[in-house]
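**Q** One file: input.cif (mmCIF, C-alpha atoms and all ligand atoms).
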```cif
data_target
loop_
_atom_site.group_PDB
_atom_site.id
_atom_site.type_symbol
_atom_site.label_atom_id
_atom_site.label_comp_id
_atom_site.auth_asym_id
_atom_site.auth_seq_id
_atom_site.Cartn_x
_atom_site.Cartn_y
_atom_site.Cartn_z
ATOM 1 C CA MET A 1 8.475 27.666 1.758
ATOM 2 C CA SER A 2 7.011 25.271 -0.733
ATOM 3 C CA VAL A 3 7.783 21.854 -2.137
ATOM 4 C CA THR A 4 7.656 20.850 -5.778
ATOM 5 C CA VAL A 5 5.717 17.698 -6.548
ATOM 6 C CA ALA A 6 6.747 16.114 -9.840
ATOM 7 C CA TRP A 7 4.359 13.647 -11.421
ATOM 8 C CA HIS A 8 3.333 12.103 -14.755
ATOM 9 C CA PRO A 9 -0.109 10.820 -15.750
ATOM 10 C CA ALA A 10 1.382 7.644 -17.299
ATOM 11 C CA CYS A 11 2.485 6.335 -13.883
ATOM 12 C CA ARG A 12 -1.014 4.955 -13.422
ATOM 13 C CA LEU A 13 -0.858 2.876 -16.618
ATOM 14 C CA HIS A 14 1.201 0.028 -15.183
ATOM 15 C CA ASP A 15 -1.178 -2.756 -14.208
ATOM 16 C CA ALA A 16 0.295 -5.988 -12.856
ATOM 17 C CA GLY A 17 -3.112 -7.670 -12.694
ATOM 18 C CA ALA A 18 -6.096 -7.906 -10.361
ATOM 19 C CA GLY A 19 -5.210 -8.179 -6.700
ATOM 20 C CA HIS A 20 -1.596 -7.075 -7.125
ATOM 21 C CA PRO A 21 -0.650 -4.806 -4.191
ATOM 22 C CA GLU A 22 1.358 -2.414 -6.398
ATOM 23 C CA CYS A 23 -1.780 -1.128 -8.096
ATOM 24 C CA PRO A 24 -2.705 2.038 -10.021
ATOM 25 C CA GLN A 25 -4.945 3.144 -7.137
ATOM 26 C CA ARG A 26 -1.785 3.815 -5.105
ATOM 27 C CA ILE A 27 -0.660 6.756 -7.209
ATOM 28 C CA GLU A 28 -4.199 7.944 -7.887
ATOM 29 C CA ALA A 29 -4.843 8.141 -4.126
ATOM 30 C CA VAL A 30 -1.522 9.883 -3.399
ATOM 31 C CA LEU A 31 -2.115 12.512 -6.080
ATOM 32 C CA GLU A 32 -5.670 13.068 -4.923
ATOM 33 C CA ALA A 33 -4.539 13.472 -1.298
ATOM 34 C CA LEU A 34 -1.797 15.915 -2.286
ATOM 35 C CA ARG A 35 -4.298 17.931 -4.324
ATOM 36 C CA ASP A 36 -6.245 18.653 -1.138
ATOM 37 C CA PRO A 37 -6.976 22.409 -1.084
ATOM 38 C CA ALA A 38 -5.438 22.545 2.406
ATOM 39 C CA LEU A 39 -2.036 21.727 0.814
ATOM 40 C CA ALA A 40 -2.415 23.914 -2.272
ATOM 41 C CA ALA A 41 -0.391 26.832 -0.897
ATOM 42 C CA GLU A 42 2.562 24.578 -0.091
ATOM 43 C CA ILE A 43 2.830 22.569 -3.322
ATOM 44 C CA ARG A 44 4.092 23.589 -6.747
ATOM 45 C CA TRP A 45 3.158 20.985 -9.364
ATOM 46 C CA VAL A 46 5.430 20.016 -12.245
ATOM 47 C CA GLU A 47 4.527 17.491 -14.907
ATOM 48 C CA ALA A 48 7.689 15.573 -15.801
ATOM 49 C CA ARG A 49 8.816 14.229 -19.167
ATOM 50 C CA PRO A 50 9.418 10.489 -19.512
ATOM 51 C CA ALA A 51 13.048 9.568 -18.909
ATOM 52 C CA ASP A 52 15.281 9.466 -21.959
ATOM 53 C CA ARG A 53 17.718 6.680 -22.788
ATOM 54 C CA ALA A 54 20.743 8.615 -21.539
ATOM 55 C CA ALA A 55 19.232 9.055 -18.083
ATOM 56 C CA ILE A 56 18.244 5.385 -17.814
ATOM 57 C CA GLU A 57 21.558 4.074 -19.102
ATOM 58 C CA ARG A 58 23.399 5.815 -16.282
ATOM 59 C CA ALA A 59 21.952 3.029 -14.092
ATOM 60 C CA HIS A 60 21.107 0.172 -16.472
ATOM 61 C CA PRO A 61 22.962 -1.417 -19.416
ATOM 62 C CA ALA A 62 21.506 -0.782 -22.873
ATOM 63 C CA ALA A 63 20.913 -4.514 -23.429
ATOM 64 C CA TYR A 64 18.574 -4.651 -20.425
ATOM 65 C CA VAL A 65 16.648 -1.580 -21.536
ATOM 66 C CA ASP A 66 16.402 -3.060 -25.060
ATOM 67 C CA ALA A 67 15.045 -6.316 -23.639
ATOM 68 C CA LEU A 68 12.360 -4.505 -21.608
ATOM 69 C CA GLU A 69 11.436 -2.451 -24.643
ATOM 70 C CA ARG A 70 11.049 -5.593 -26.785
ATOM 71 C CA LEU A 71 8.928 -7.257 -24.104
ATOM 72 C CA ALA A 72 6.737 -4.163 -23.943
ATOM 73 C CA GLU A 73 6.286 -4.245 -27.739
ATOM 74 C CA GLN A 74 5.071 -7.835 -27.417
ATOM 75 C CA GLY A 75 2.473 -6.750 -24.872
ATOM 76 C CA GLY A 76 4.449 -7.548 -21.724
ATOM 77 C CA GLY A 77 5.117 -10.644 -19.675
ATOM 78 C CA MET A 78 6.307 -11.949 -16.368
ATOM 79 C CA LEU A 79 9.776 -10.838 -15.215
ATOM 80 C CA ASP A 80 9.698 -12.530 -11.833
ATOM 81 C CA ALA A 81 6.987 -14.035 -9.643
ATOM 82 C CA ASP A 82 5.618 -10.625 -8.621
ATOM 83 C CA THR A 83 6.997 -8.278 -11.285
ATOM 84 C CA ILE A 84 4.656 -8.383 -14.248
ATOM 85 C CA MET A 85 4.832 -6.130 -17.265
ATOM 86 C CA GLY A 86 1.449 -5.270 -18.688
ATOM 87 C CA PRO A 87 0.805 -3.687 -22.100
ATOM 88 C CA ARG A 88 1.450 -0.147 -20.826
ATOM 89 C CA SER A 89 3.867 -0.814 -17.974
ATOM 90 C CA TRP A 90 6.886 0.388 -19.923
ATOM 91 C CA GLU A 91 5.281 3.793 -20.454
ATOM 92 C CA ALA A 92 4.737 3.935 -16.699
ATOM 93 C CA ALA A 93 8.309 2.891 -15.907
ATOM 94 C CA LEU A 94 9.739 5.553 -18.246
ATOM 95 C CA ALA A 95 7.406 8.115 -16.700
ATOM 96 C CA ALA A 96 8.441 7.132 -13.168
ATOM 97 C CA ALA A 97 12.147 7.461 -13.944
ATOM 98 C CA GLY A 98 11.409 10.791 -15.630
ATOM 99 C CA VAL A 99 9.543 11.993 -12.553
ATOM 100 C CA ALA A 100 12.558 11.110 -10.390
ATOM 101 C CA ALA A 101 14.918 13.047 -12.684
ATOM 102 C CA ALA A 102 12.535 16.014 -12.851
ATOM 103 C CA ALA A 103 12.346 16.086 -9.057
ATOM 104 C CA VAL A 104 16.149 16.416 -9.004
ATOM 105 C CA ASP A 105 16.013 19.279 -11.513
ATOM 106 C CA GLU A 106 13.447 21.095 -9.390
ATOM 107 C CA ALA A 107 15.209 20.600 -6.057
ATOM 108 C CA VAL A 108 18.674 21.612 -7.262
ATOM 109 C CA ALA A 109 17.147 24.827 -8.567
ATOM 110 C CA GLY A 110 16.540 25.521 -4.892
ATOM 111 C CA GLY A 111 14.543 23.646 -2.306
ATOM 112 C CA THR A 112 12.866 20.302 -1.950
ATOM 113 C CA ALA A 113 10.932 18.053 -4.292
ATOM 114 C CA PHE A 114 8.844 14.907 -4.133
ATOM 115 C CA GLY A 115 8.533 12.532 -7.064
ATOM 116 C CA ALA A 116 5.027 11.069 -6.950
ATOM 117 C CA LEU A 117 5.653 7.986 -9.027
ATOM 118 C CA ARG A 118 5.139 4.309 -9.616
ATOM 119 C CA PRO A 119 6.233 1.639 -10.350
ATOM 120 C CA PRO A 120 8.764 1.820 -7.528
ATOM 121 C CA GLY A 121 12.458 1.248 -8.152
ATOM 122 C CA HIS A 122 14.722 0.249 -5.285
ATOM 123 C CA HIS A 123 14.661 -3.522 -5.929
ATOM 124 C CA ALA A 124 15.610 -3.145 -9.612
ATOM 125 C CA LEU A 125 19.118 -4.427 -10.277
ATOM 126 C CA ALA A 126 21.263 -3.199 -13.161
ATOM 127 C CA ASP A 127 20.004 -5.937 -15.491
ATOM 128 C CA ARG A 128 17.081 -7.522 -13.686
ATOM 129 C CA ALA A 129 13.579 -6.435 -12.704
ATOM 130 C CA MET A 130 12.302 -7.697 -9.380
ATOM 131 C CA GLY A 131 10.082 -6.839 -6.425
ATOM 132 C CA PHE A 132 7.562 -4.755 -8.438
ATOM 133 C CA CYS A 133 10.497 -2.667 -9.830
ATOM 134 C CA PHE A 134 11.679 -2.293 -13.457
ATOM 135 C CA LEU A 135 13.999 0.713 -13.373
ATOM 136 C CA ASN A 136 15.855 1.942 -10.307
ATOM 137 C CA ASN A 137 14.357 5.424 -10.067
ATOM 138 C CA VAL A 138 16.426 6.630 -7.111
ATOM 139 C CA VAL A 139 19.733 5.588 -8.687
ATOM 140 C CA ILE A 140 18.696 7.164 -12.000
ATOM 141 C CA ALA A 141 17.992 10.325 -9.959
ATOM 142 C CA ALA A 142 21.360 10.111 -8.190
ATOM 143 C CA ARG A 143 23.253 9.685 -11.467
ATOM 144 C CA HIS A 144 21.243 12.505 -13.010
ATOM 145 C CA ALA A 145 22.234 14.779 -10.118
ATOM 146 C CA GLN A 146 25.881 13.799 -10.599
ATOM 147 C CA ALA A 147 25.662 14.466 -14.336
ATOM 148 C CA ARG A 148 24.493 17.956 -13.410
ATOM 149 C CA GLY A 149 27.613 18.502 -11.317
ATOM 150 C CA HIS A 150 26.397 17.451 -7.869
ATOM 151 C CA ALA A 151 29.179 15.043 -7.086
ATOM 152 C CA ARG A 152 28.219 13.541 -3.735
ATOM 153 C CA VAL A 153 24.805 11.993 -3.141
ATOM 154 C CA LEU A 154 23.325 10.533 0.022
ATOM 155 C CA ILE A 155 20.398 8.131 -0.394
ATOM 156 C CA VAL A 156 18.243 7.470 2.674
ATOM 157 C CA ASP A 157 15.820 4.554 2.219
ATOM 158 C CA TRP A 158 13.094 4.050 4.817
ATOM 159 C CA ASP A 159 10.990 1.560 2.849
ATOM 160 C CA VAL A 160 10.340 -1.524 5.010
ATOM 161 C CA HIS A 161 12.179 -3.652 2.437
ATOM 162 C CA HIS A 162 15.895 -3.490 1.779
ATOM 163 C CA GLY A 163 16.739 -1.649 -1.433
ATOM 164 C CA ASN A 164 18.905 -4.456 -2.754
ATOM 165 C CA GLY A 165 18.963 -2.952 -6.239
ATOM 166 C CA THR A 166 20.068 0.433 -5.005
ATOM 167 C CA GLN A 167 22.772 -1.121 -2.864
ATOM 168 C CA ALA A 168 24.043 -3.277 -5.733
ATOM 169 C CA LEU A 169 24.174 -0.268 -8.058
ATOM 170 C CA VAL A 170 26.111 2.001 -5.687
ATOM 171 C CA GLU A 171 28.128 -0.258 -3.376
ATOM 172 C CA HIS A 172 31.360 0.138 -5.347
ATOM 173 C CA ASP A 173 31.041 3.906 -5.641
ATOM 174 C CA PRO A 174 32.235 6.093 -2.762
ATOM 175 C CA THR A 175 30.603 9.189 -4.286
ATOM 176 C CA ILE A 176 27.212 7.807 -3.228
ATOM 177 C CA ARG A 177 26.363 6.764 0.312
ATOM 178 C CA TYR A 178 23.364 4.558 0.976
ATOM 179 C CA VAL A 179 21.528 4.335 4.304
ATOM 180 C CA SER A 180 18.696 1.813 4.577
ATOM 181 C CA MET A 181 16.581 0.734 7.497
ATOM 182 C CA HIS A 182 14.442 -2.282 6.749
ATOM 183 C CA GLN A 183 12.757 -5.291 8.246
ATOM 184 C CA TYR A 184 15.203 -8.186 8.486
ATOM 185 C CA PRO A 185 15.167 -11.031 7.762
ATOM 186 C CA TRP A 186 12.509 -10.220 5.173
ATOM 187 C CA TYR A 187 12.110 -9.741 1.456
ATOM 188 C CA PRO A 188 14.478 -9.606 -0.471
ATOM 189 C CA GLY A 189 16.892 -11.195 2.029
ATOM 190 C CA THR A 190 19.773 -8.733 1.665
ATOM 191 C CA GLY A 191 20.675 -5.782 3.881
ATOM 192 C CA ALA A 192 22.681 -7.277 6.747
ATOM 193 C CA ALA A 193 24.695 -4.816 8.803
ATOM 194 C CA HIS A 194 27.983 -6.302 7.606
ATOM 195 C CA GLU A 195 27.171 -5.392 3.983
ATOM 196 C CA ARG A 196 29.180 -2.176 3.885
ATOM 197 C CA GLY A 197 30.074 -1.776 0.196
ATOM 198 C CA VAL A 198 33.270 0.265 0.019
ATOM 199 C CA GLY A 199 32.370 1.727 3.407
ATOM 200 C CA ASN A 200 29.538 3.699 1.765
ATOM 201 C CA VAL A 201 26.628 1.398 2.726
ATOM 202 C CA TYR A 202 24.890 1.795 6.089
ATOM 203 C CA ASN A 203 22.339 -0.947 6.631
ATOM 204 C CA VAL A 204 20.048 -0.919 9.664
ATOM 205 C CA PRO A 205 18.319 -4.325 9.702
ATOM 206 C CA ARG A 206 15.585 -4.497 12.332
ATOM 207 C CA PRO A 207 12.933 -7.008 13.429
ATOM 208 C CA PRO A 208 9.240 -6.149 13.160
ATOM 209 C CA GLY A 209 7.187 -4.895 16.087
ATOM 210 C CA LEU A 210 9.721 -2.674 17.866
ATOM 211 C CA PRO A 211 8.521 0.525 19.544
ATOM 212 C CA ARG A 212 8.377 3.210 16.847
ATOM 213 C CA GLU A 213 10.820 5.404 18.789
ATOM 214 C CA VAL A 214 13.502 2.768 18.227
ATOM 215 C CA TYR A 215 13.099 2.774 14.459
ATOM 216 C CA ARG A 216 12.964 6.558 14.455
ATOM 217 C CA ARG A 217 16.198 6.863 16.416
ATOM 218 C CA ASP A 218 18.128 4.092 14.682
ATOM 219 C CA LEU A 219 17.644 5.437 11.157
ATOM 220 C CA LEU A 220 18.883 8.886 12.183
ATOM 221 C CA GLU A 221 21.891 7.380 13.951
ATOM 222 C CA ALA A 222 22.855 5.668 10.701
ATOM 223 C CA VAL A 223 22.346 8.922 8.790
ATOM 224 C CA ASP A 224 24.636 10.672 11.278
ATOM 225 C CA ALA A 225 27.273 7.979 10.766
ATOM 226 C CA ALA A 226 27.040 8.457 6.989
ATOM 227 C CA LEU A 227 27.375 12.241 7.356
ATOM 228 C CA GLU A 228 30.421 12.083 9.598
ATOM 229 C CA GLY A 229 33.132 14.057 7.838
ATOM 230 C CA TRP A 230 31.233 13.897 4.530
ATOM 231 C CA ARG A 231 28.696 16.346 3.096
ATOM 232 C CA PRO A 232 26.392 15.373 0.249
ATOM 233 C CA ASN A 233 25.536 17.830 -2.534
ATOM 234 C CA VAL A 234 22.102 16.245 -2.883
ATOM 235 C CA LEU A 235 20.087 14.114 -0.467
ATOM 236 C CA LEU A 236 17.704 11.577 -1.979
ATOM 237 C CA VAL A 237 15.018 9.766 -0.021
ATOM 238 C CA SER A 238 13.599 6.409 -1.098
ATOM 239 C CA ALA A 239 10.312 7.093 0.609
ATOM 240 C CA GLY A 240 8.504 3.831 1.159
ATOM 241 C CA PHE A 241 5.390 4.003 3.277
ATOM 242 C CA ASP A 242 5.156 0.261 3.836
ATOM 243 C CA SER A 243 7.148 0.875 7.046
ATOM 244 C CA LEU A 244 3.999 2.367 8.559
ATOM 245 C CA ALA A 245 2.001 0.333 11.060
ATOM 246 C CA GLY A 246 -0.744 -1.603 9.327
ATOM 247 C CA ASP A 247 0.976 -2.188 6.006
ATOM 248 C CA PRO A 248 0.143 -5.651 4.632
ATOM 249 C CA LEU A 249 3.730 -6.230 3.420
ATOM 250 C CA GLY A 250 5.665 -5.177 6.516
ATOM 251 C CA GLY A 251 5.695 -5.319 10.303
ATOM 252 C CA PHE A 252 7.136 -1.976 11.371
ATOM 253 C CA THR A 253 5.150 0.253 13.731
ATOM 254 C CA LEU A 254 5.784 3.740 12.377
ATOM 255 C CA GLU A 255 3.172 6.482 12.117
ATOM 256 C CA PRO A 256 2.900 9.242 9.488
ATOM 257 C CA GLU A 257 4.200 11.795 11.993
ATOM 258 C CA ASP A 258 7.416 9.753 12.285
ATOM 259 C CA MET A 259 8.032 10.338 8.567
ATOM 260 C CA ALA A 260 7.489 14.051 9.180
ATOM 261 C CA VAL A 261 9.999 13.942 12.065
ATOM 262 C CA TRP A 262 12.530 12.165 9.841
ATOM 263 C CA THR A 263 11.980 14.631 7.022
ATOM 264 C CA THR A 264 12.575 17.601 9.289
ATOM 265 C CA ALA A 265 15.576 15.944 10.921
ATOM 266 C CA LEU A 266 17.145 15.225 7.520
ATOM 267 C CA ARG A 267 16.606 18.810 6.414
ATOM 268 C CA GLU A 268 18.221 20.156 9.575
ATOM 269 C CA ARG A 269 21.229 17.901 9.111
ATOM 270 C CA VAL A 270 22.084 18.893 5.546
ATOM 271 C CA VAL A 271 20.696 22.398 5.085
ATOM 272 C CA PRO A 272 21.041 24.005 2.503
ATOM 273 C CA THR A 273 21.529 20.783 0.497
ATOM 274 C CA PRO A 274 18.624 20.069 -1.901
ATOM 275 C CA ILE A 275 16.387 17.191 -0.820
ATOM 276 C CA VAL A 276 14.655 15.014 -3.378
ATOM 277 C CA SER A 277 12.274 12.276 -2.318
ATOM 278 C CA VAL A 278 10.896 9.545 -4.549
ATOM 279 C CA LEU A 279 8.013 7.262 -3.740
ATOM 280 C CA GLU A 280 8.795 3.581 -3.245
ATOM 281 C CA GLY A 281 6.402 1.138 -1.500
ATOM 282 C CA GLY A 282 3.309 1.511 0.669
ATOM 283 C CA TYR A 283 0.445 -0.935 0.173
ATOM 284 C CA SER A 284 -2.271 0.187 2.538
ATOM 285 C CA ILE A 285 -3.853 2.999 0.548
ATOM 286 C CA ASP A 286 -4.989 4.948 3.628
ATOM 287 C CA ARG A 287 -1.619 4.662 5.338
ATOM 288 C CA LEU A 288 0.236 5.485 2.128
ATOM 289 C CA THR A 289 -1.697 8.698 1.566
ATOM 290 C CA ALA A 290 -1.404 9.771 5.216
ATOM 291 C CA GLY A 291 2.342 9.098 5.198
ATOM 292 C CA ALA A 292 2.918 10.859 1.877
ATOM 293 C CA CYS A 293 0.982 13.937 3.008
ATOM 294 C CA ALA A 294 2.894 14.157 6.308
ATOM 295 C CA HIS A 295 6.209 13.747 4.471
ATOM 296 C CA VAL A 296 5.431 16.277 1.739
ATOM 297 C CA ARG A 297 4.147 18.812 4.248
ATOM 298 C CA ALA A 298 7.420 18.472 6.174
ATOM 299 C CA LEU A 299 9.364 18.948 2.925
ATOM 300 C CA ALA A 300 7.511 22.223 2.281
HETATM 301 ZN ZN ZN B 401 8.789 -1.967 0.237
#
```
Let me see the structure of the file written as structure tokens.
Ligand SMILES: [Zn+2]
**A**
Amino acid sequence: MSVTVAWHPACRLHDAGAGHPECPQRIEAVLEALRDPALAAEIRWVEARPADRAAIERAHPAAYVDALERLAEQGGGMLDADTIMGPRSWEAALAAAGVAAAAVDEAVAGGTAFGALRPPGHHALADRAMGFCFLNNVVIAARHAQARGHARVLIVDWDVHHGNGTQALVEHDPTIRYVSMHQYPWYPGTGAAHERGVGNVYNVPRPPGLPREVYRRDLLEAVDAALEGWRPNVLLVSAGFDSLAGDPLGGFTLEPEDMAVWTTALRERVVPTPIVSVLEGGYSIDRLTAGACAHVRALA
């Protein structure tokens, strides 16, 4: 078995300024780690095309996309305190969304795929950039899968932060179920257990510092609840590696092998459903690359 890794060289072009944790080195290090000869037999590489307007507008209104485009033409600017558009950030955002859509195309053709991308997406609301995110890559991927006839989509988000944007974009839509485990209370403040959408949202808010076995178990219990009497046609993972021990922006205690355990457990639960994973956070470069390699190997 092999896994397809979708990528685009423009993902490195977004630069939010010196010292920003969501830096180009993140994707450079992930791609370099995945290009390790030891993984070569397990990975098929696909260079994506940047997302087109139709794909983006399944998740975001045209007026918002127009506004980002205009800002990009002016050389960028600040969208919130930590979401800064540089001169080439828009190219990177379009590339990232395109990578997510390409990963769907690859996985539904049979198998699993990982979208190696940045900037991340799960904090992006329909009409507002926030939390390092401009476009909601995982929701663009989910809508792309639905446009291709895959009606039911499960999104599992193990980034240490709640995917408030993803939740907001899907919480009225029973065709998509969203499971998120995240540190709570923590940025961005949403993700309480009582936030259930139309019964399609499964939040698992947890404090920092718990034994890793607890996090590992609790996410899978929520996935099992989401799968009760309901089978997705595609499973998407918002794969954030800031839930690993040692991340500067989170306090969870997970290890790369826990992501491999989750990946295998998800596959077993939904086989033969295609699994598509997209990169979200992860701000310790060493931990990010170790987590991504363990996850991708388990996808293969
Ligand atoms: Zn995060």
**Q** Could you tell me, as a PyMOL selection string, exactly which residues end up selected when the PyMOL selection byres (((chain A and resi 75) around 10) and not hetatm) is applied to this structure?
**A** chain A and resi 69-74+76-77+85-90
**Q** As number ranges by chain, please: every protein or nucleic acid residue near ligand ZN 401 (chain B) (cut-off 7 Å, counting all atoms listed in the file).
**A** A: 159-161, 240, 242, 280-282
**Q** So that I can see what lies close to Ala29 (chain A), please list as a PDB file with C-alpha atoms, in the coordinates of the input the residues with an atom at most 9 Å from it, counting all atoms listed in the file and leaving out residues fewer than 2 positions away in the same chain.
**A**
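So the final result, stored in around_15.pdb, reads:
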```pdb
ATOM      1  CA  PRO A  24      -2.705   2.038 -10.021  1.00  0.00           C
ATOM      2  CA  GLN A  25      -4.945   3.144  -7.137  1.00  0.00           C
ATOM      3  CA  ARG A  26      -1.785   3.815  -5.105  1.00  0.00           C
ATOM      4  CA  ILE A  27      -0.660   6.756  -7.209  1.00  0.00           C
ATOM      5  CA  LEU A  31      -2.115  12.512  -6.080  1.00  0.00           C
ATOM      6  CA  GLU A  32      -5.670  13.068  -4.923  1.00  0.00           C
ATOM      7  CA  ALA A  33      -4.539  13.472  -1.298  1.00  0.00           C
ATOM      8  CA  LEU A  34      -1.797  15.915  -2.286  1.00  0.00           C
ATOM      9  CA  ILE A 285      -3.853   2.999   0.548  1.00  0.00           C
ATOM     10  CA  ASP A 286      -4.989   4.948   3.628  1.00  0.00           C
ATOM     11  CA  LEU A 288       0.236   5.485   2.128  1.00  0.00           C
ATOM     12  CA  THR A 289      -1.697   8.698   1.566  1.00  0.00           C
TER      13      THR A 289
END
```
**Q** So what does the PyMOL selection byres (((chain A and resi 128-131) around 10) and not hetatm) actually pick up in this one, as a VMD selection string?
**A** chain A and resid 22 60 64 to 65 68 78 to 85 120 to 127 132 to 136 161 163 to 165 187 to 188
**Q** What's the 10 Å shell around Leu154 (chain A), counting only C-alpha atoms, without same-chain residues fewer than 2 positions away, as a list of chain:residue names?
**A**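 The contact residues come out as A:Ala142, A:Arg152, A:Val156, A:Asp157, A:Thr175, A:Ile176, A:Arg177, A:Tyr178, A:Val179, A:Asn200, A:Val223, A:Ala226, A:Leu227, A:Trp230, A:Arg231, A:Pro232, A:Asn233, A:Val234, A:Leu235, A:Leu236, A:Val237, A:Ile275.
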**Q** When the PyMOL selection byres (((chain A and resi 258) around 12) and not hetatm) is applied to the structure above, which residues does it catch, written out as number ranges by chain?
**A** A: 158, 211-217, 219-220, 241, 243-245, 252-257, 259-265, 290-292, 294-295, 298
**Q** When you look at Arg44 (chain A) with a cut-off of 8 Å (counting only C-alpha atoms), what residues show up, excluding the ones that are within fewer than 5 positions of it in the same chain? I need them as a PyMOL selection string.
**A** chain A and resi 2-5
**Q** Write a file of the selected residues as an mmCIF file, in the frame of the given file, keeping C-alpha atoms.
**A**
```
data_model
loop_
_atom_site.group_PDB
_atom_site.id
_atom_site.type_symbol
_atom_site.label_atom_id
_atom_site.label_comp_id
_atom_site.auth_asym_id
_atom_site.auth_seq_id
_atom_site.Cartn_x
_atom_site.Cartn_y
_atom_site.Cartn_z
ATOM 1 C CA SER A 2 7.011 25.271 -0.733
ATOM 2 C CA VAL A 3 7.783 21.854 -2.137
ATOM 3 C CA THR A 4 7.656 20.850 -5.778
ATOM 4 C CA VAL A 5 5.717 17.698 -6.548
#
```
**Q** Of the residues A:Pro274, A:Gly191, A:Pro208, A:Gly199, which is the one nearest to Val108 (chain A), using all atoms listed in the file?
**A**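 Counting all atoms listed in the file, the residue closest to Val108 (chain A) is A:Pro274.
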**Q** Quote the spacing between CA of Ala55 (chain A) and CA of Ala93 (chain A) in Å to one decimal place.
**A** 12.7 Å
**Q** Give me, as a list of chain:residue names, all polymer residues having an atom no more than 9 Å from Glu106 (chain A), counting all atoms listed in the file and skipping those fewer than 5 positions away in the same chain.
**A** A:Thr4, A:Val5, A:Ala6, A:Val46, A:Ala101, A:Gly111, A:Thr112, A:Ala113, A:Val276
**Q** With distances taken over only C-alpha atoms, which residue among A:Ala100, A:Ala95, A:Ala168, A:Ala141 lies nearest His8 (chain A)?
**A** A:Ala95
